[in-house]
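Take a look at the structure set out below.
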Amino acid sequence: MSALTLYPWQEPAWRTLMSTLESDRLPHSLLITGPEGVGKQRFALVLVARIFCQQAKGEELACGCCGNCLLIAAESHPDYVCLTVEEDKTRIAVQQVRDMIGHLGMKSYRGAEKVALVYPADAMNASSANSLLKTLEEPTDRTLLILVTARPSRLPATILSRCQKMEIKPPGREAALDWLAKEHGGANWGPALAFAGGAPLKAVELNKAGYAARIVSLEQQIGAIVAGRADPTTVAFEWAGKNPALCLEWLKMWTGHLIRGRSLGTLDISLDGVDGEKLESFIQNIELKMIFKYMDDVNRAFRLLETTVNKQSLMEAVLIPWAHGLKRVLPIAE
Ligand SMILES: [Zn+2]
């Protein structure tokens with residue numbers, strides 16, 4: 001039994017990769033992408049173990065007990081190198097890349113593939129990326145370079161064009177909620193999952209940091225303002241004093257959802273504590289251009305958080321409009 005397993009939503013990507021591995025068509029360089037919180041790094045590690053495993057066949061994962069699997073588990077396989085940001089550093093240094101290239105150029109110790117993993121690949125600076133490019137242009141036989149990143153757009157186009165891409169997509173909402181409830185208990189995962197852009201592992205992280213419960217309460221507070229049960233000034237006081245960045249981040253996400261729903265005519269939105277029909281008519285009564293205007297204000301408020309601006313008035317400016325059906329937005333001075 002392998003120590004590392006795949007997440008269920010990674011299985012389609014795994015099957016695709018395994019069929020290329022079986023027919024000996026693995027590329028020299030593979031770029032694993034997908035949003036934060038879908039387990040890209042885990043996927044890459046499962047792949048590395050599978051490539052070296054002496055037992056696994058077809059779509060099977062690494063056996064976890066052959067000689068190569070044990071070396072991988074002990075992080076001491078001589079034909080594998082993992083490159084990441086060193087402690088106290090923010091970027092992958094060019095010297096690290098050069099060392100890795102030197103390693104890949106040497107003869108394989110165990111007579112098979114050599115594999116290098118770079119994570120997160122967007123942490124390479126321009127000279128690191130340039131150095132790596134040379135390897136991509138002249139790949140050594142039986143080497144595989146795996147780059148992992150949530151932000152492929154930060155990599156030079158010359159690197160992107162030389163890699164085969166494998167995207168790990170988040171599961172659908174229902175599947176993600178089922179998985180979260182099964183693996184992490186039956187909390188109210190909906191708001192955290194939405195805030196995490198559908199990525200289950202990010203929702204778990206938010207929950208661990210105590211944010212999941214907070215996100216539920218943010219939704220309830222907006223609901224209470226909309227329903228006239230809460231005073232926006234009082235809510236603003238709480239938002240200003242307790243992680244205002246998270247509050248505005250959530251508001252941005254929620255307003256974005258509103259804009260998409262209204263523009264596409266597929267409004268599927270709920271607010272804890274507000275009757276569905278009432279909410280629907282409340283939202284249909286808002287002019288779309290006012291929601292866009294409001295979104296600009298939320299973005300402006302987010303930028304101003306870093307300044308010495310009075311956070312109470314900033315939060316009032318984004319909360320009071322909800323008490324008036326977004327009929328007018330309050331000016332936010334920069
Ligand atoms: Zn094995």
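In the structure tokens, the first chain shown is A, the next is B, and so on; residue numbers restart at 1 for each chain, and ligands run from 1 in the order shown.
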Please identify every residue of chain A that has at least one atom no farther than 6 Å from an atom of ligand 1, counting only C-alpha atoms and all ligand atoms, and for each give the shortest atom pair and the distance in Å to one decimal, arranged by chain then increasing number, as JSON lines.
```
{"residue": "A:Cys53", "atom": "CA", "partner": "ligand 1", "partner_atom_place_in_ligand_line": "1 (Zn)", "distance": 3.6}
{"residue": "A:Gln54", "atom": "CA", "partner": "ligand 1", "partner_atom_place_in_ligand_line": "1 (Zn)", "distance": 5.1}
{"residue": "A:Gln55", "atom": "CA", "partner": "ligand 1", "partner_atom_place_in_ligand_line": "1 (Zn)", "distance": 5.1}
{"residue": "A:Ala62", "atom": "CA", "partner": "ligand 1", "partner_atom_place_in_ligand_line": "1 (Zn)", "distance": 4.8}
{"residue": "A:Cys63", "atom": "CA", "partner": "ligand 1", "partner_atom_place_in_ligand_line": "1 (Zn)", "distance": 3.9}
{"residue": "A:Gly64", "atom": "CA", "partner": "ligand 1", "partner_atom_place_in_ligand_line": "1 (Zn)", "distance": 4.8}
{"residue": "A:Cys65", "atom": "CA", "partner": "ligand 1", "partner_atom_place_in_ligand_line": "1 (Zn)", "distance": 5.2}
{"residue": "A:Cys66", "atom": "CA", "partner": "ligand 1", "partner_atom_place_in_ligand_line": "1 (Zn)", "distance": 4.1}
{"residue": "A:Asn68", "atom": "CA", "partner": "ligand 1", "partner_atom_place_in_ligand_line": "1 (Zn)", "distance": 5.9}
{"residue": "A:Cys69", "atom": "CA", "partner": "ligand 1", "partner_atom_place_in_ligand_line": "1 (Zn)", "distance": 4.4}
```
Name the residues in contact with A:Gln221 at a cut-off of 10 Å, using only C-alpha atoms, excluding same-chain residues fewer than 4 positions from it; report them as an NGL selection string. :A and (215-217 or 225-227 or 229-232 or 235-236 or 271-273 or 319)
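Compared by their closest atoms to A:Pro244, and using only C-alpha atoms, the residues A:Met315, A:Gly265, A:Phe292, A:Ile283 rank with A:Met315 nearest.
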Can you tell me, as a count of residues only, what residues are no more than 12 Å from A:Tyr211 when counting only C-alpha atoms, ignoring any on the same chain fewer than 2 positions away? 28
Strand (DSSP E or B) positions in stretch 65-310 of chain A, given as a list in words: Tyr80, Val81, Cys82, Leu83, Ile92, Lys114, Val115, Ala116, Leu117, Val118, Met124, Thr143, Leu144, Leu145, Ile146, Leu147, Val148, Gln164, Lys165, Met166 and Glu167 of chain A
Keeping C-alpha atoms for every residue in the selection just given, could you write it to a file as a JSON list (two decimals), in the first residue's frame?
```json
[["chain", "number", "residue", "atom", "x", "y", "z"],
["A", 80, "TYR", "CA", 15.37, 12.00, -8.08],
["A", 81, "VAL", "CA", 15.85, 15.64, -7.23],
["A", 82, "CYS", "CA", 13.25, 18.02, -5.82],
["A", 83, "LEU", "CA", 13.77, 21.72, -6.20],
["A", 92, "ILE", "CA", 14.40, 29.44, -6.41],
["A", 114, "LYS", "CA", 16.00, 10.43, -13.72],
["A", 115, "VAL", "CA", 13.31, 12.76, -12.45],
["A", 116, "ALA", "CA", 13.40, 16.37, -11.26],
["A", 117, "LEU", "CA", 10.50, 18.18, -9.65],
["A", 118, "VAL", "CA", 10.34, 21.99, -9.44],
["A", 124, "MET", "CA", 12.09, 30.76, -10.31],
["A", 143, "THR", "CA", 14.90, 12.30, -17.89],
["A", 144, "LEU", "CA", 11.62, 13.81, -16.81],
["A", 145, "LEU", "CA", 11.30, 17.35, -15.55],
["A", 146, "ILE", "CA", 8.07, 18.06, -13.66],
["A", 147, "LEU", "CA", 7.10, 21.69, -13.06],
["A", 148, "VAL", "CA", 4.25, 22.43, -10.67],
["A", 164, "GLN", "CA", 3.25, 19.12, -21.92],
["A", 165, "LYS", "CA", 0.45, 20.47, -19.75],
["A", 166, "MET", "CA", -1.60, 18.52, -17.26],
["A", 167, "GLU", "CA", -4.32, 20.47, -15.50]]
```
Identify all residues of stretch 127-228 of chain A in alpha helix (DSSP H) (DSSP on the backbone) and supply them as a PyMOL selection string. chain A and resi 127-137+157-160+173-184+190-195+200-208+211-226
Go ahead and save the residues from that selection, with C-alpha atoms, as a PDB file, in the first residue's frame.
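Final file, again.pdb:
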```
ATOM      1  CA  SER A 127      17.976  33.730 -14.536  1.00  0.00           C
ATOM      2  CA  SER A 128      16.799  30.489 -12.913  1.00  0.00           C
ATOM      3  CA  ALA A 129      14.177  30.114 -15.638  1.00  0.00           C
ATOM      4  CA  ASN A 130      16.758  30.872 -18.335  1.00  0.00           C
ATOM      5  CA  SER A 131      19.066  28.267 -16.964  1.00  0.00           C
ATOM      6  CA  LEU A 132      16.266  25.702 -16.917  1.00  0.00           C
ATOM      7  CA  LEU A 133      15.354  26.574 -20.482  1.00  0.00           C
ATOM      8  CA  LYS A 134      18.663  25.207 -21.731  1.00  0.00           C
ATOM      9  CA  THR A 135      17.791  21.808 -20.286  1.00  0.00           C
ATOM     10  CA  LEU A 136      14.372  21.929 -21.888  1.00  0.00           C
ATOM     11  CA  GLU A 137      15.922  22.754 -25.253  1.00  0.00           C
ATOM     12  CA  ALA A 157       6.417  31.540 -22.788  1.00  0.00           C
ATOM     13  CA  THR A 158       9.582  29.785 -23.971  1.00  0.00           C
ATOM     14  CA  ILE A 159       9.290  27.383 -21.014  1.00  0.00           C
ATOM     15  CA  LEU A 160       5.535  26.895 -21.342  1.00  0.00           C
ATOM     16  CA  ARG A 173     -19.482  21.490  -5.969  1.00  0.00           C
ATOM     17  CA  GLU A 174     -21.530  18.478  -4.857  1.00  0.00           C
ATOM     18  CA  ALA A 175     -18.591  16.077  -5.118  1.00  0.00           C
ATOM     19  CA  ALA A 176     -16.394  18.504  -3.204  1.00  0.00           C
ATOM     20  CA  LEU A 177     -18.985  18.930  -0.433  1.00  0.00           C
ATOM     21  CA  ASP A 178     -19.369  15.125  -0.155  1.00  0.00           C
ATOM     22  CA  TRP A 179     -15.602  14.672   0.064  1.00  0.00           C
ATOM     23  CA  LEU A 180     -15.234  17.440   2.668  1.00  0.00           C
ATOM     24  CA  ALA A 181     -18.029  16.013   4.840  1.00  0.00           C
ATOM     25  CA  LYS A 182     -16.611  12.478   4.567  1.00  0.00           C
ATOM     26  CA  GLU A 183     -12.974  13.358   5.217  1.00  0.00           C
ATOM     27  CA  HIS A 184     -13.281  16.378   7.483  1.00  0.00           C
ATOM     28  CA  GLY A 190     -20.616  25.624   1.384  1.00  0.00           C
ATOM     29  CA  PRO A 191     -19.409  29.182   2.069  1.00  0.00           C
ATOM     30  CA  ALA A 192     -15.762  28.159   2.642  1.00  0.00           C
ATOM     31  CA  LEU A 193     -15.780  26.093  -0.547  1.00  0.00           C
ATOM     32  CA  ALA A 194     -17.222  28.982  -2.538  1.00  0.00           C
ATOM     33  CA  PHE A 195     -14.616  31.312  -1.047  1.00  0.00           C
ATOM     34  CA  PRO A 200     -11.459  21.428  -1.466  1.00  0.00           C
ATOM     35  CA  LEU A 201      -8.005  21.561   0.143  1.00  0.00           C
ATOM     36  CA  LYS A 202      -8.152  25.341   0.304  1.00  0.00           C
ATOM     37  CA  ALA A 203     -11.531  25.065   2.038  1.00  0.00           C
ATOM     38  CA  VAL A 204      -9.902  22.712   4.575  1.00  0.00           C
ATOM     39  CA  GLU A 205      -7.096  25.211   5.127  1.00  0.00           C
ATOM     40  CA  LEU A 206      -9.599  28.052   5.663  1.00  0.00           C
ATOM     41  CA  ASN A 207     -11.435  25.882   8.152  1.00  0.00           C
ATOM     42  CA  LYS A 208      -8.251  25.050  10.059  1.00  0.00           C
ATOM     43  CA  TYR A 211     -12.013  31.190   8.682  1.00  0.00           C
ATOM     44  CA  ALA A 212     -14.761  28.795   7.625  1.00  0.00           C
ATOM     45  CA  ALA A 213     -17.002  29.680  10.580  1.00  0.00           C
ATOM     46  CA  ARG A 214     -16.191  33.360  10.071  1.00  0.00           C
ATOM     47  CA  ILE A 215     -17.203  33.199   6.406  1.00  0.00           C
ATOM     48  CA  VAL A 216     -20.566  31.731   7.435  1.00  0.00           C
ATOM     49  CA  SER A 217     -21.043  34.619   9.851  1.00  0.00           C
ATOM     50  CA  LEU A 218     -20.099  37.222   7.179  1.00  0.00           C
ATOM     51  CA  GLU A 219     -22.834  35.812   4.990  1.00  0.00           C
ATOM     52  CA  GLN A 220     -25.294  35.932   7.885  1.00  0.00           C
ATOM     53  CA  GLN A 221     -24.381  39.549   8.626  1.00  0.00           C
ATOM     54  CA  ILE A 222     -24.950  40.711   5.047  1.00  0.00           C
ATOM     55  CA  GLY A 223     -28.203  38.749   5.129  1.00  0.00           C
ATOM     56  CA  ALA A 224     -29.251  40.529   8.320  1.00  0.00           C
ATOM     57  CA  ILE A 225     -28.428  43.961   6.838  1.00  0.00           C
ATOM     58  CA  VAL A 226     -30.384  43.145   3.666  1.00  0.00           C
TER      59      VAL A 226
END
```
Atom CA of A:Asp297 to atom CA of A:Leu330: how many Å, to one decimal?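 Result for atom CA of A:Asp297 versus atom CA of A:Leu330: 8.4 Å, one decimal.
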Counting only C-alpha atoms, the residue of A:Val85, A:Leu4, A:Ala93, A:Ala240 that sits nearest A:Arg50: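 Smallest distance to A:Arg50 is found for A:Leu4.
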Go through A:Gln41, A:Thr90, A:Ile320, A:Val48 and flag the residue nearest A:Ala123, using only C-alpha atoms for the distances.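 Checking each of A:Gln41, A:Thr90, A:Ile320, A:Val48 against A:Ala123, counting only C-alpha atoms, the winner is A:Thr90.
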Distance query stretch 9-26 of chain A at most 7 Å, only C-alpha atoms, self and fewer than 6 positions along chain excluded, as a PDB file with N, CA and C atoms, in the first residue's frame:
```
ATOM      1  N   GLY A  58       0.046  -0.536 -15.193  1.00  0.00           N
ATOM      2  CA  GLY A  58      -1.196   0.131 -15.613  1.00  0.00           C
ATOM      3  C   GLY A  58      -1.470   1.383 -14.796  1.00  0.00           C
ATOM      4  N   GLU A  59      -2.719   1.467 -14.308  1.00  0.00           N
ATOM      5  CA  GLU A  59      -3.110   2.679 -13.564  1.00  0.00           C
ATOM      6  C   GLU A  59      -2.788   2.580 -12.077  1.00  0.00           C
ATOM      7  N   ILE A 168      -4.948  19.965 -13.225  1.00  0.00           N
ATOM      8  CA  ILE A 168      -5.751  19.301 -12.188  1.00  0.00           C
ATOM      9  C   ILE A 168      -6.920  20.226 -11.879  1.00  0.00           C
ATOM     10  N   PRO A 170     -10.565  21.289 -10.027  1.00  0.00           N
ATOM     11  CA  PRO A 170     -11.309  20.975  -8.803  1.00  0.00           C
ATOM     12  C   PRO A 170     -12.551  20.150  -9.148  1.00  0.00           C
ATOM     13  N   PRO A 171     -13.049  19.381  -8.178  1.00  0.00           N
ATOM     14  CA  PRO A 171     -14.263  18.609  -8.461  1.00  0.00           C
ATOM     15  C   PRO A 171     -15.473  19.529  -8.531  1.00  0.00           C
TER      16      PRO A 171
END
```
Might you pull out every residue within 10 Å of A:Ile291, with only C-alpha atoms counted and same-chain residues fewer than 6 positions away left off, and present them as an mmCIF file with C-alpha atoms, in the first residue's frame?
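Wrote it out as part08.cif, contents follow:
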```cif
data_model
loop_
_atom_site.group_PDB
_atom_site.id
_atom_site.type_symbol
_atom_site.label_atom_id
_atom_site.label_comp_id
_atom_site.auth_asym_id
_atom_site.auth_seq_id
_atom_site.Cartn_x
_atom_site.Cartn_y
_atom_site.Cartn_z
ATOM 1 C CA THR A 255 -20.255 40.473 -5.423
ATOM 2 C CA GLY A 256 -18.434 38.785 -8.326
ATOM 3 C CA LEU A 258 -23.741 38.391 -8.088
ATOM 4 C CA ILE A 259 -22.415 40.078 -11.243
ATOM 5 C CA ARG A 262 -27.116 38.784 -13.109
ATOM 6 C CA ILE A 283 -31.284 41.426 -6.182
ATOM 7 C CA ASP A 297 -15.689 50.428 -4.383
ATOM 8 C CA LEU A 326 -27.487 49.221 -3.507
ATOM 9 C CA LYS A 327 -29.515 52.208 -4.796
ATOM 10 C CA ARG A 328 -26.531 54.412 -4.128
ATOM 11 C CA VAL A 329 -22.937 53.721 -3.206
#
```
